[in-house]
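Trainee: Structure: coords_5.csv, CSV, C-alpha atoms and all ligand atoms.
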```csv
chain,number,residue,atom,x,y,z
A,1,MET,CA,59.5,114.0,92.1
A,2,THR,CA,62.5,111.8,93.1
A,3,LEU,CA,65.6,113.6,92.1
A,4,GLU,CA,64.3,116.8,93.6
A,5,LYS,CA,64.9,115.2,97.0
A,6,LEU,CA,68.6,115.7,96.5
A,7,LYS,CA,70.2,118.7,98.1
A,8,GLN,CA,73.1,120.9,96.8
A,9,ILE,CA,76.4,119.9,98.3
A,10,PRO,CA,79.0,122.6,99.0
A,11,ALA,CA,82.1,122.3,96.7
A,12,ASP,CA,85.0,120.2,98.0
A,13,ALA,CA,87.3,122.5,100.1
A,14,ILE,CA,90.3,122.3,97.8
A,15,LEU,CA,88.5,121.9,94.4
A,16,GLY,CA,86.1,124.7,95.3
A,17,LEU,CA,89.0,127.1,95.9
A,18,MET,CA,90.4,126.1,92.5
A,19,THR,CA,87.2,127.5,90.9
A,20,VAL,CA,87.4,130.7,93.0
A,21,PHE,CA,91.0,131.1,91.9
A,22,GLN,CA,90.2,130.7,88.3
A,23,ALA,CA,87.5,133.3,88.5
A,24,ASP,CA,89.8,135.8,90.3
A,25,GLN,CA,90.7,138.5,87.7
A,26,SER,CA,93.7,139.9,89.6
A,27,SER,CA,97.0,139.6,87.7
A,28,GLN,CA,98.7,139.3,91.1
A,29,LYS,CA,96.9,136.1,92.1
A,30,ILE,CA,99.1,133.3,93.6
A,31,ASP,CA,97.8,129.7,93.8
A,32,LEU,CA,99.3,127.6,96.6
A,33,THR,CA,96.2,125.5,97.0
A,34,VAL,CA,96.1,122.5,94.7
A,35,GLY,CA,98.2,119.5,95.4
A,36,VAL,CA,100.0,119.2,92.0
A,37,TYR,CA,103.7,119.5,91.4
A,38,ARG,CA,104.7,122.8,89.7
A,39,ASP,CA,108.0,123.6,88.0
A,40,ASP,CA,109.9,126.9,88.0
A,41,GLN,CA,107.5,128.3,85.3
A,42,GLY,CA,104.5,127.3,87.4
A,43,ARG,CA,103.6,124.5,85.0
A,44,THR,CA,102.6,120.9,85.8
A,45,PRO,CA,104.5,119.3,82.9
A,46,VAL,CA,104.1,115.9,81.3
A,47,MET,CA,107.2,114.1,82.5
A,48,ARG,CA,109.8,113.3,79.8
A,49,ALA,CA,109.7,109.6,80.5
A,50,VAL,CA,105.9,109.6,80.5
A,51,ALA,CA,105.8,111.5,77.1
A,52,ALA,CA,108.2,109.0,75.6
A,53,ALA,CA,106.4,105.9,76.9
A,54,GLU,CA,103.1,107.4,75.8
A,55,LYS,CA,104.3,108.0,72.3
A,56,ARG,CA,105.5,104.5,72.0
A,57,LEU,CA,102.3,103.2,73.4
A,58,VAL,CA,100.1,105.1,70.9
A,59,GLU,CA,102.3,104.0,68.0
A,60,ASN,CA,102.3,100.4,68.9
A,61,GLN,CA,98.9,99.7,70.4
A,62,SER,CA,96.8,97.2,68.5
A,63,SER,CA,93.7,97.0,70.6
A,64,LYS,CA,91.6,98.7,73.3
A,65,SER,CA,89.9,95.5,74.3
A,66,TYR,CA,89.2,94.8,78.0
A,67,LEU,CA,92.0,94.1,80.4
A,68,PRO,CA,92.1,91.2,82.9
A,69,PRO,CA,90.3,92.2,86.1
A,70,LEU,CA,93.5,92.9,88.1
A,71,GLY,CA,95.0,95.1,85.4
A,72,VAL,CA,98.2,95.3,83.4
A,73,ALA,CA,100.7,92.6,84.5
A,74,GLY,CA,103.8,94.8,83.9
A,75,PHE,CA,102.3,97.6,85.9
A,76,ARG,CA,101.3,95.4,88.8
A,77,ASP,CA,104.7,93.8,89.0
A,78,GLY,CA,106.5,97.0,88.6
A,79,ILE,CA,104.5,98.8,91.3
A,80,ARG,CA,105.0,95.9,93.7
A,81,LYS,CA,108.8,96.0,93.1
A,82,MET,CA,108.9,99.8,93.4
A,83,VAL,CA,107.2,99.6,96.9
A,84,LEU,CA,108.9,96.4,98.2
A,85,GLY,CA,112.3,96.8,96.6
A,86,PRO,CA,114.8,94.2,97.8
A,87,GLN,CA,112.0,92.4,99.7
A,88,ASP,CA,110.0,91.8,96.6
A,89,ASP,CA,111.3,88.3,96.1
A,90,SER,CA,110.3,87.1,99.6
A,91,MET,CA,107.1,89.2,99.8
A,92,SER,CA,105.6,88.8,96.3
A,93,PRO,CA,104.1,85.3,97.0
A,94,ARG,CA,101.9,86.9,99.7
A,95,THR,CA,101.2,90.2,98.1
A,96,GLY,CA,98.1,90.7,95.9
A,97,VAL,CA,98.0,93.7,93.5
A,98,ILE,CA,95.1,95.3,91.7
A,99,GLN,CA,95.4,98.2,89.4
A,100,THR,CA,93.0,101.0,90.6
A,101,PRO,CA,91.8,104.4,89.4
A,102,GLY,CA,94.5,106.4,91.2
A,103,GLY,CA,95.3,106.3,94.9
A,104,CYS,CA,91.7,107.2,95.7
A,105,GLY,CA,90.5,104.0,93.9
A,106,ALA,CA,93.0,102.0,96.0
A,107,LEU,CA,91.8,103.5,99.2
A,108,ARG,CA,88.2,102.9,98.4
A,109,VAL,CA,88.8,99.3,97.4
A,110,ALA,CA,90.7,98.7,100.6
A,111,ALA,CA,88.0,100.2,102.7
A,112,GLU,CA,85.3,98.0,101.0
A,113,MET,CA,87.4,94.9,101.4
A,114,TYR,CA,87.9,95.7,105.1
A,115,ARG,CA,84.1,96.3,105.5
A,116,ARG,CA,83.5,92.8,104.0
A,117,THR,CA,85.5,91.3,106.9
A,118,GLY,CA,82.5,92.1,109.1
A,119,THR,CA,84.8,93.0,112.0
A,120,GLU,CA,84.9,96.4,113.7
A,121,GLU,CA,84.1,98.5,110.7
A,122,ILE,CA,86.1,101.4,112.3
A,123,VAL,CA,88.8,103.3,110.6
A,124,SER,CA,91.2,105.7,112.3
A,125,LEU,CA,92.5,108.8,110.5
A,126,GLY,CA,95.2,111.2,111.5
A,127,GLY,CA,94.4,114.6,112.9
A,128,ALA,CA,95.1,116.2,110.5
A,129,THR,CA,95.1,114.2,107.3
A,130,TRP,CA,94.3,114.6,103.6
A,131,GLY,CA,90.6,115.8,103.4
A,132,ASN,CA,89.4,113.1,101.1
A,133,HIS,CA,90.3,110.3,103.5
A,134,ARG,CA,87.1,111.0,105.3
A,135,GLY,CA,85.0,111.0,102.2
A,136,LEU,CA,86.5,107.8,100.8
A,137,MET,CA,86.4,105.8,104.1
A,138,GLY,CA,83.0,107.2,105.0
A,139,ALA,CA,81.5,106.3,101.6
A,140,ALA,CA,82.5,102.7,102.3
A,141,GLY,CA,80.3,102.8,105.4
A,142,LEU,CA,83.1,102.8,107.9
A,143,ALA,CA,82.8,104.6,111.3
A,144,LEU,CA,85.6,107.3,111.5
A,145,GLU,CA,87.9,107.7,114.5
A,146,THR,CA,90.7,110.2,114.8
A,147,TYR,CA,94.2,109.7,116.2
A,148,PRO,CA,96.2,112.8,117.2
A,149,TYR,CA,99.0,113.5,114.7
A,150,TYR,CA,100.1,117.1,114.5
A,151,ASP,CA,100.2,120.4,116.5
A,152,ALA,CA,99.9,123.0,113.7
A,153,ALA,CA,100.7,126.0,116.0
A,154,ALA,CA,103.9,124.4,117.4
A,155,HIS,CA,104.8,122.7,114.0
A,156,GLU,CA,105.3,119.4,115.9
A,157,ILE,CA,104.2,115.8,115.5
A,158,LEU,CA,102.2,114.5,118.4
A,159,ALA,CA,104.1,111.2,118.6
A,160,ASP,CA,103.3,110.3,122.2
A,161,GLU,CA,99.6,111.1,121.8
A,162,MET,CA,99.4,109.2,118.6
A,163,LEU,CA,101.0,106.1,120.2
A,164,GLU,CA,98.7,106.4,123.2
A,165,LYS,CA,95.6,106.5,121.0
A,166,ILE,CA,96.8,103.5,118.8
A,167,SER,CA,97.3,101.5,122.0
A,168,LYS,CA,93.6,101.9,122.7
A,169,LEU,CA,92.1,101.3,119.3
A,170,PRO,CA,89.9,98.2,119.0
A,171,PRO,CA,91.6,95.1,117.7
A,172,GLN,CA,90.7,94.4,114.1
A,173,SER,CA,90.1,98.0,113.4
A,174,LEU,CA,91.6,99.7,110.3
A,175,ILE,CA,94.1,102.6,110.5
A,176,VAL,CA,95.2,104.8,107.6
A,177,LEU,CA,98.8,105.9,107.9
A,178,GLN,CA,100.6,108.0,105.3
A,179,ALA,CA,103.9,106.4,104.6
A,180,SER,CA,105.9,109.6,103.8
A,181,SER,CA,105.6,113.3,102.8
A,182,HIS,CA,102.5,113.6,104.9
A,183,ASN,CA,99.6,115.6,103.5
A,184,PRO,CA,98.9,118.3,104.8
A,185,THR,CA,101.6,118.6,107.5
A,186,GLY,CA,104.8,117.6,105.7
A,187,THR,CA,105.8,115.9,108.9
A,188,ASP,CA,106.4,112.1,109.1
A,189,PRO,CA,107.1,110.1,112.3
A,190,ASP,CA,110.8,109.4,112.8
A,191,ALA,CA,112.1,105.8,112.6
A,192,ASP,CA,111.8,105.2,116.3
A,193,THR,CA,108.1,106.3,116.3
A,194,TRP,CA,107.3,104.2,113.3
A,195,ASP,CA,108.9,101.2,115.0
A,196,LYS,CA,106.6,101.7,118.0
A,197,VAL,CA,103.6,102.1,115.7
A,198,ILE,CA,104.3,98.8,114.0
A,199,GLU,CA,104.9,97.1,117.4
A,200,LEU,CA,101.4,98.3,118.6
A,201,LEU,CA,99.7,97.3,115.4
A,202,GLU,CA,101.2,93.8,115.8
A,203,GLU,CA,100.4,93.6,119.5
A,204,ARG,CA,96.8,94.8,119.1
A,205,ASN,CA,96.0,93.2,115.7
A,206,ILE,CA,95.2,96.5,114.0
A,207,LEU,CA,95.2,96.4,110.2
A,208,PRO,CA,97.2,99.2,108.6
A,209,LEU,CA,96.3,100.8,105.3
A,210,PHE,CA,99.4,102.7,104.2
A,211,ASP,CA,98.7,105.6,101.9
A,212,LEU,CA,101.6,106.0,99.5
A,213,ALA,CA,101.0,109.0,97.3
A,214,TYR,CA,104.5,110.6,97.1
A,215,GLN,CA,107.1,107.9,96.8
A,216,GLY,CA,110.4,109.5,95.6
A,217,LEU,CA,109.3,113.1,96.4
A,218,GLY,CA,110.3,113.1,100.1
A,219,ASP,CA,113.8,111.7,100.9
A,220,GLY,CA,114.2,109.1,98.1
A,221,PHE,CA,112.5,106.1,96.6
A,222,ASP,CA,113.8,103.7,99.3
A,223,GLU,CA,113.6,106.1,102.2
A,224,ASP,CA,110.0,107.0,101.5
A,225,VAL,CA,108.8,103.4,101.9
A,226,ALA,CA,111.0,102.4,104.8
A,227,VAL,CA,108.0,102.0,107.1
A,228,ILE,CA,106.1,99.9,104.6
A,229,ARG,CA,109.1,97.5,104.2
A,230,ALA,CA,109.5,97.3,107.9
A,231,ALA,CA,105.9,96.6,108.5
A,232,ALA,CA,105.9,93.9,105.7
A,233,GLU,CA,108.6,92.1,107.7
A,234,ARG,CA,106.6,92.1,110.9
A,235,LEU,CA,102.9,92.2,110.2
A,236,PRO,CA,100.9,89.3,108.7
A,237,GLU,CA,98.4,91.5,106.9
A,238,MET,CA,98.3,95.0,105.5
A,239,PHE,CA,97.2,97.2,102.6
A,240,VAL,CA,99.2,99.8,100.6
A,241,ALA,CA,97.3,102.3,98.5
A,242,VAL,CA,99.7,103.5,95.8
A,243,SER,CA,99.1,106.6,93.7
A,244,CYS,CA,101.0,107.4,90.4
A,245,SER,CA,99.5,110.9,90.2
A,246,LYS,CA,102.4,112.8,91.6
A,247,ASN,CA,105.6,110.8,91.0
A,248,PHE,CA,104.6,110.0,87.4
A,249,GLY,CA,102.6,113.2,86.9
A,250,LEU,CA,99.6,111.1,85.7
A,251,TYR,CA,97.0,112.9,87.8
A,252,ARG,CA,94.1,112.9,85.3
A,253,GLU,CA,94.9,109.4,83.9
A,254,ARG,CA,93.7,107.9,87.3
A,255,THR,CA,96.6,105.5,87.8
A,256,GLY,CA,97.2,103.6,91.0
A,257,ALA,CA,97.3,100.2,92.7
A,258,LEU,CA,96.3,98.5,95.8
A,259,LEU,CA,98.7,96.0,97.4
A,260,ALA,CA,96.9,93.6,99.7
A,261,MET,CA,99.3,91.5,101.8
A,262,GLY,CA,98.2,88.3,103.5
A,263,ARG,CA,100.0,85.6,105.4
A,264,ASP,CA,100.7,83.3,102.3
A,265,SER,CA,100.0,82.7,98.7
A,266,ALA,CA,96.6,81.1,99.5
A,267,GLN,CA,95.5,84.3,101.2
A,268,LYS,CA,96.9,86.4,98.4
A,269,SER,CA,94.7,84.6,96.0
A,270,VAL,CA,91.6,85.2,98.2
A,271,LEU,CA,92.5,88.9,98.5
A,272,GLU,CA,93.0,89.4,94.8
A,273,SER,CA,89.6,87.7,94.1
A,274,GLN,CA,87.9,90.0,96.7
A,275,ALA,CA,89.6,93.1,95.3
A,276,ALA,CA,88.6,92.3,91.7
A,277,ASN,CA,85.0,91.6,92.9
A,278,VAL,CA,84.8,94.9,94.8
A,279,ALA,CA,86.1,96.8,91.8
A,280,ARG,CA,83.6,95.0,89.5
A,281,GLY,CA,80.8,96.3,91.8
A,282,ILE,CA,82.0,99.9,91.8
A,283,TYR,CA,83.6,100.8,88.4
A,284,SER,CA,84.2,97.3,86.9
A,285,MET,CA,87.7,98.0,85.6
A,286,SER,CA,90.4,100.6,86.0
A,287,PRO,CA,91.5,102.6,82.9
A,288,ALA,CA,94.5,101.2,81.1
A,289,HIS,CA,96.2,104.2,79.6
A,290,GLY,CA,98.2,105.3,82.6
A,291,PRO,CA,99.2,101.8,83.8
A,292,LEU,CA,100.4,101.0,80.2
A,293,ILE,CA,102.6,104.1,80.3
A,294,VAL,CA,104.0,103.2,83.7
A,295,ALA,CA,104.6,99.6,82.6
A,296,GLY,CA,106.4,101.0,79.5
A,297,ILE,CA,108.7,103.0,81.8
A,298,PHE,CA,109.4,100.1,84.2
A,299,GLU,CA,110.2,97.7,81.3
A,300,ASP,CA,112.7,100.0,79.6
A,301,PRO,CA,115.9,100.5,81.6
A,302,ASP,CA,116.7,103.9,80.0
A,303,LEU,CA,113.2,105.3,80.5
A,304,HIS,CA,113.2,103.9,84.1
A,305,GLN,CA,116.5,105.6,84.8
A,306,GLY,CA,115.4,108.8,83.2
A,307,TRP,CA,112.1,108.8,85.2
A,308,GLN,CA,114.0,108.3,88.5
A,309,GLU,CA,116.2,111.2,87.6
A,310,GLU,CA,113.2,113.4,86.9
A,311,VAL,CA,111.6,112.5,90.2
A,312,GLN,CA,114.9,113.4,91.8
A,313,GLU,CA,114.9,116.8,90.1
A,314,MET,CA,111.4,117.4,91.5
A,315,ARG,CA,112.4,116.3,95.0
A,316,GLU,CA,115.5,118.5,95.0
A,317,ARG,CA,113.5,121.5,93.8
A,318,ILE,CA,111.0,121.0,96.6
A,319,THR,CA,113.8,120.8,99.1
A,320,ARG,CA,115.5,123.9,97.7
A,321,LEU,CA,112.2,125.8,97.8
A,322,ARG,CA,111.7,124.8,101.5
A,323,SER,CA,115.1,126.3,102.4
A,324,GLU,CA,114.5,129.4,100.3
A,325,PHE,CA,111.1,130.0,101.8
A,326,ALA,CA,112.4,129.5,105.3
A,327,ALA,CA,115.1,132.1,104.6
A,328,ALA,CA,112.6,134.5,103.0
A,329,LEU,CA,110.3,134.4,106.0
A,330,ALA,CA,113.2,134.8,108.4
A,331,ALA,CA,114.3,137.8,106.4
A,332,GLU,CA,110.9,139.4,106.7
A,333,ARG,CA,110.7,138.9,110.5
A,334,SER,CA,113.8,138.4,112.5
A,335,GLY,CA,113.6,135.8,115.3
A,336,LEU,CA,110.9,133.8,113.5
A,337,ASP,CA,111.7,130.1,113.8
A,338,THR,CA,111.3,128.6,110.4
A,339,SER,CA,113.5,125.5,110.9
A,340,TRP,CA,110.5,123.2,110.7
A,341,LEU,CA,110.0,124.1,107.0
A,342,THR,CA,113.4,122.6,106.2
A,343,THR,CA,113.0,119.4,108.2
A,344,GLN,CA,109.6,118.7,106.7
A,345,ARG,CA,109.3,116.8,103.5
A,346,GLY,CA,107.1,116.7,100.4
A,347,MET,CA,104.9,119.3,98.8
A,348,PHE,CA,102.9,120.5,101.8
A,349,SER,CA,103.3,122.4,104.9
A,350,LEU,CA,100.7,124.0,107.3
A,351,LEU,CA,101.6,127.6,108.1
A,352,GLY,CA,99.6,127.5,111.3
A,353,LEU,CA,97.3,130.4,110.4
A,354,SER,CA,93.7,130.8,111.4
A,355,GLU,CA,90.9,130.4,108.8
A,356,SER,CA,90.1,134.1,109.0
A,357,GLN,CA,93.8,135.0,108.3
A,358,VAL,CA,93.7,132.6,105.3
A,359,ASP,CA,90.5,134.3,104.1
A,360,THR,CA,92.0,137.8,104.4
A,361,LEU,CA,95.1,136.7,102.5
A,362,ARG,CA,92.9,135.5,99.7
A,363,GLU,CA,90.5,138.4,99.7
A,364,ASP,CA,93.0,141.3,100.1
A,365,GLN,CA,96.2,139.9,98.6
A,366,HIS,CA,95.0,137.2,96.2
A,367,ILE,CA,97.1,134.6,97.8
A,368,TYR,CA,95.3,131.3,97.8
A,369,MET,CA,95.9,128.4,100.2
A,370,VAL,CA,93.7,125.7,101.8
A,371,ARG,CA,91.7,127.1,104.8
A,372,ASP,CA,93.7,125.0,107.3
A,373,SER,CA,96.7,127.1,105.9
A,374,ARG,CA,98.2,124.3,103.9
A,375,ILE,CA,100.4,125.5,101.2
A,376,ASN,CA,101.8,123.7,98.2
A,377,ILE,CA,105.6,124.4,98.4
A,378,ALA,CA,106.0,123.5,94.8
A,379,GLY,CA,103.7,126.4,93.9
A,380,LEU,CA,106.3,128.9,95.1
A,381,ASP,CA,108.8,130.3,92.7
A,382,GLY,CA,111.3,133.2,92.4
A,383,GLY,CA,108.5,135.6,91.4
A,384,ASN,CA,105.9,134.9,94.0
A,385,MET,CA,108.0,133.7,97.0
A,386,PRO,CA,108.9,137.2,98.3
A,387,ILE,CA,105.3,138.4,98.0
A,388,VAL,CA,104.1,135.4,100.0
A,389,ALA,CA,106.8,135.7,102.6
A,390,LYS,CA,106.0,139.4,103.1
A,391,ALA,CA,102.3,138.7,103.5
A,392,VAL,CA,102.6,135.6,105.7
A,393,ALA,CA,105.6,136.3,108.0
A,394,PRO,CA,103.8,138.9,110.2
A,395,LEU,CA,100.9,136.5,110.7
A,396,MET,CA,102.9,133.5,111.9
A,397,ALA,CA,103.0,132.5,115.5
B,1,LIG,C1,97.7,111.7,100.8
B,1,LIG,C2,97.1,111.4,99.5
B,1,LIG,N1,96.6,110.1,99.3
B,1,LIG,C3,96.0,109.8,98.1
B,1,LIG,C4,95.9,110.7,97.1
B,1,LIG,C5,95.2,110.2,95.9
B,1,LIG,O1,95.6,110.6,94.7
B,1,LIG,P1,95.0,110.1,93.3
B,1,LIG,O2,93.7,109.4,93.6
B,1,LIG,O3,94.8,111.4,92.5
B,1,LIG,O4,96.0,109.2,92.8
B,1,LIG,C6,96.4,112.0,97.3
B,1,LIG,C7,96.2,113.1,96.3
B,1,LIG,O5,96.3,114.2,96.5
B,1,LIG,C8,97.0,112.4,98.5
B,1,LIG,O6,97.5,113.5,98.8
```
What do you get writing this file as structure tokens?
Mentor:
Amino acid sequence: MTLEKLKQIPADAILGLMTVFQADQSSQKIDLTVGVYRDDQGRTPVMRAVAAAEKRLVENQSSKSYLPPLGVAGFRDGIRKMVLGPQDDSMSPRTGVIQTPGGCGALRVAAEMYRRTGTEEIVSLGGATWGNHRGLMGAAGLALETYPYYDAAAHEILADEMLEKISKLPPQSLIVLQASSHNPTGTDPDADTWDKVIELLEERNILPLFDLAYQGLGDGFDEDVAVIRAAAERLPEMFVAVSCSKNFGLYRERTGALLAMGRDSAQKSVLESQAANVARGIYSMSPAHGPLIVAGIFEDPDLHQGWQEEVQEMRERITRLRSEFAAALAAERSGLDTSWLTTQRGMFSLLGLSESQVDTLREDQHIYMVRDSRINIAGLDGGNMPIVAKAVAPLMA
């Protein structure tokens, strides 16, 4: 038989834990695993602006016919402006945009476009980085390299080591860089390090693919894309993979976009034609529901303002939880340095525990986190935080 040749594949590290969590019968169980935003009640709510735009969309839609290959115009324009901000006027003539099924879709389309260049076919990923980068880039047939990024035990970025490695990467190779709120470390390069990274990319003709999954949830809408705007000024070519999963709460609607920047408008047209052709060969066309909601928000000043305020509330909640968790850990164990928790940004931090410690926490105390000890800060709340702090503080280095 043919299909019998296929072997069972172990569950994805994060999604597999989700299943184990759901099957856990304990009333004490705590989920810090999955990368979705949670509010104080532990819910992942539909954002108010999203609900309003969706209601309007459902009331007013007159057709579900196909979209143009690059997607919803108001969505594509709005996303490009959100990322490029004041530079949009000068950059839009060289920036192609295609709507994609989430940030994952954008990463995969970029990888396929890069592979079509027939150059090095090598992509460098951070050590550590979000687990699915390997899957997405590998599935496009690229060879994977790793650049040093973070020392989990010391809770420190490895800036010098990262720069050293980038300075040796082959010209015309691709590098995935997370623009802000790094997953899983919560640690981003400082402005000076980013500057040096951009300089090296320029000098060595390395093509960056900025992964932007958390704009607005780190330091602010502009702050979180500072490196992308700086790179756009200096580099002739780059990709930006945008996800609307977290900052619009549109996870299951698979909403994202790929920005492909070239030297000029002629190259933009080439890049858009390639992106559309790649998409056609994988999934043909990206779903419209999420992008139409986002376009509805961008096009209505009140909804736009309201959405920005909601993202700000989420951002402030994460920042507050970081301080509270740092204090709760320090209260459990005097002398423990938890300052890194408050300087980090976004939803994730690595606690620096071993896999066996993580397994014991799950099996004995029903506290769930990714095996590399990544926790979702937004999964903490007044009820579970003291329990987590008490369990984790004695284990921390
Ligand atoms: C760093 C990073 N990039 C990209 C994504 C892709 O998200 P999605 O495809 O759900 O929009 C995620 C989601 O968790 C992420 O954490």
Trainee: Got a sec: who's within 7 Å of segment 364-378 of chain A, counting only C-alpha atoms, leaving out chain neighbours fewer than 6 positions off, as a list in words?
Mentor: Ile14, Gln28, Lys29, Ile30, Asp31, Leu32, Thr33, Val34, Gly35, Tyr37, Arg38, Pro184, Ile318, Leu321, Arg322, Met347, Phe348, Ser349, Leu350, Leu351, Gly352, Leu353, Glu355 and Val358 of chain A
Trainee: Can you list, as a list in words, every protein, DNA or RNA residue that comes within 8 Å of segment 123-132 of chain A when you count only C-alpha atoms, leaving out same-chain residues fewer than 6 positions away?
Mentor: Leu142, Ala143, Leu144, Glu145, Thr146, Tyr147, Pro148, Tyr149, Tyr150, Ser173, Leu174, Ile175, Val176, Leu177, His182, Asn183, Pro184 and Thr185 of chain A
Trainee: Please provide as a list of chain:residue names all residues within 9 Å of Arg94 of chain A, with the sequence filter that same-chain residues fewer than 6 positions apart are discarded (counting only C-alpha atoms).
Mentor: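 My list of contacting residues is A:Ala260, A:Met261, A:Gly262, A:Arg263, A:Asp264, A:Ser265, A:Ala266, A:Gln267, A:Lys268, A:Ser269.
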Trainee: Taking all atoms listed in the file into account, report as a ChimeraX atom specification which residues have an atom no farther than 7 Å from an atom of ligand LIG 1 (chain B).
Mentor: /A:35,101-105,130,178,182-183,211-213,243-245,251,254-256
Trainee: The residues within 12 Å of (103.3, 139.7, 109.0), using all atoms listed in the file and the coordinates of the file, should be reported as number ranges by chain; which are they?
Mentor: A: 329-334, 336, 353, 357, 361, 387-397
Trainee: Under the rule that only C-alpha atoms are counted, which of A:Glu120, A:Asp88, A:Glu54, A:Glu363 is the nearest residue to Phe248 of chain A?
Mentor: A:Glu54
Trainee: Have a look at A:Leu67, A:Leu209, A:Leu200, A:Ala11 and name the one nearest to His133 of chain A; count all atoms listed in the file.
Mentor: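 Looking at the shortest contact to His133 of chain A, the residue is A:Leu209.
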Trainee: Skipping near chain neighbours, those fewer than 3 positions away, what residues fall within 9 Å of Thr193 of chain A using only C-alpha atoms, listed as a list in words?
Mentor: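 Result of the neighbour search: Ala159, Asp160, Leu163, Pro189, Asp190, Lys196, Val197 and Ile198 of chain A.
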Trainee: Between atom CA of Gly71 of chain A and atom CA of Val109 of chain A, what is the distance, to one decimal in Å?
Mentor: 14.1 Å
Trainee: Which distance in Å separates atom CA of Leu271 of chain A and atom CA of Ile297 of chain A, to one decimal?
Mentor: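 Those two atoms sit 27.2 Å apart.
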Trainee: Within 8 Å of segment 44-48 of chain A, counting all atoms listed in the file, which residues qualify if same-chain residues fewer than 3 places away don't, as a PyMOL selection string?
Mentor: chain A and resi 36-39+51-52+248-250+306-307+310
Trainee: One number please: atom CA of Ala179 of chain A to atom CA of Glu164 of chain A, in Å, one decimal.
Mentor: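 Between atom CA of Ala179 of chain A and atom CA of Glu164 of chain A the gap is 19.3 Å.
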Trainee: Between A:Pro86, A:Gly281, A:Pro287, A:Pro208, which has the minimum distance to Ala226 of chain A (counting all atoms listed in the file)?
Mentor: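 Closest candidate: A:Pro86.
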Trainee: For the point (87.5, 97.1, 100.0) in file coordinates, what residues are within 10 Å, counting all atoms listed in the file? Give the answer as a list in words?
Mentor: Gly105, Ala106, Leu107, Arg108, Val109, Ala110, Ala111, Glu112, Met113, Tyr114, Arg115, Arg116, Thr117, Met137, Ala140, Leu258, Leu271, Gln274, Ala275, Ala276, Asn277, Val278 and Ala279 of chain A
Trainee: Any chance you could model N, CA, C and O atoms for segment 310-320 of chain A and send them as a tab-separated table (two decimals), in the frame of the given file?
Mentor:
```tsv
chain	number	residue	atom	x	y	z
A	310	GLU	N	114.18	112.32	86.85
A	310	GLU	CA	113.20	113.40	86.90
A	310	GLU	C	112.56	113.59	88.22
A	310	GLU	O	112.36	114.71	88.70
A	311	VAL	N	112.22	112.45	88.85
A	311	VAL	CA	111.60	112.50	90.20
A	311	VAL	C	112.64	113.16	91.17
A	311	VAL	O	112.29	113.98	92.01
A	312	GLN	N	113.91	112.78	90.98
A	312	GLN	CA	114.90	113.40	91.80
A	312	GLN	C	115.02	114.89	91.65
A	312	GLN	O	115.14	115.65	92.61
A	313	GLU	N	114.93	115.34	90.40
A	313	GLU	CA	114.90	116.80	90.10
A	313	GLU	C	113.77	117.47	90.87
A	313	GLU	O	113.92	118.53	91.46
A	314	MET	N	112.60	116.83	90.80
A	314	MET	CA	111.40	117.40	91.50
A	314	MET	C	111.65	117.46	92.98
A	314	MET	O	111.37	118.46	93.63
A	315	ARG	N	112.18	116.34	93.50
A	315	ARG	CA	112.40	116.30	95.00
A	315	ARG	C	113.41	117.36	95.38
A	315	ARG	O	113.19	118.05	96.37
A	316	GLU	N	114.48	117.51	94.59
A	316	GLU	CA	115.50	118.50	95.00
A	316	GLU	C	114.96	119.92	94.86
A	316	GLU	O	115.32	120.79	95.64
A	317	ARG	N	114.08	120.12	93.89
A	317	ARG	CA	113.50	121.50	93.80
A	317	ARG	C	112.62	121.77	94.99
A	317	ARG	O	112.69	122.87	95.54
A	318	ILE	N	111.84	120.80	95.42
A	318	ILE	CA	111.00	121.00	96.60
A	318	ILE	C	111.86	121.32	97.83
A	318	ILE	O	111.59	122.25	98.60
A	319	THR	N	112.94	120.55	97.99
A	319	THR	CA	113.80	120.80	99.10
A	319	THR	C	114.46	122.14	99.09
A	319	THR	O	114.55	122.84	100.11
A	320	ARG	N	114.88	122.54	97.89
A	320	ARG	CA	115.50	123.90	97.70
A	320	ARG	C	114.47	124.96	98.06
A	320	ARG	O	114.76	125.92	98.78
```
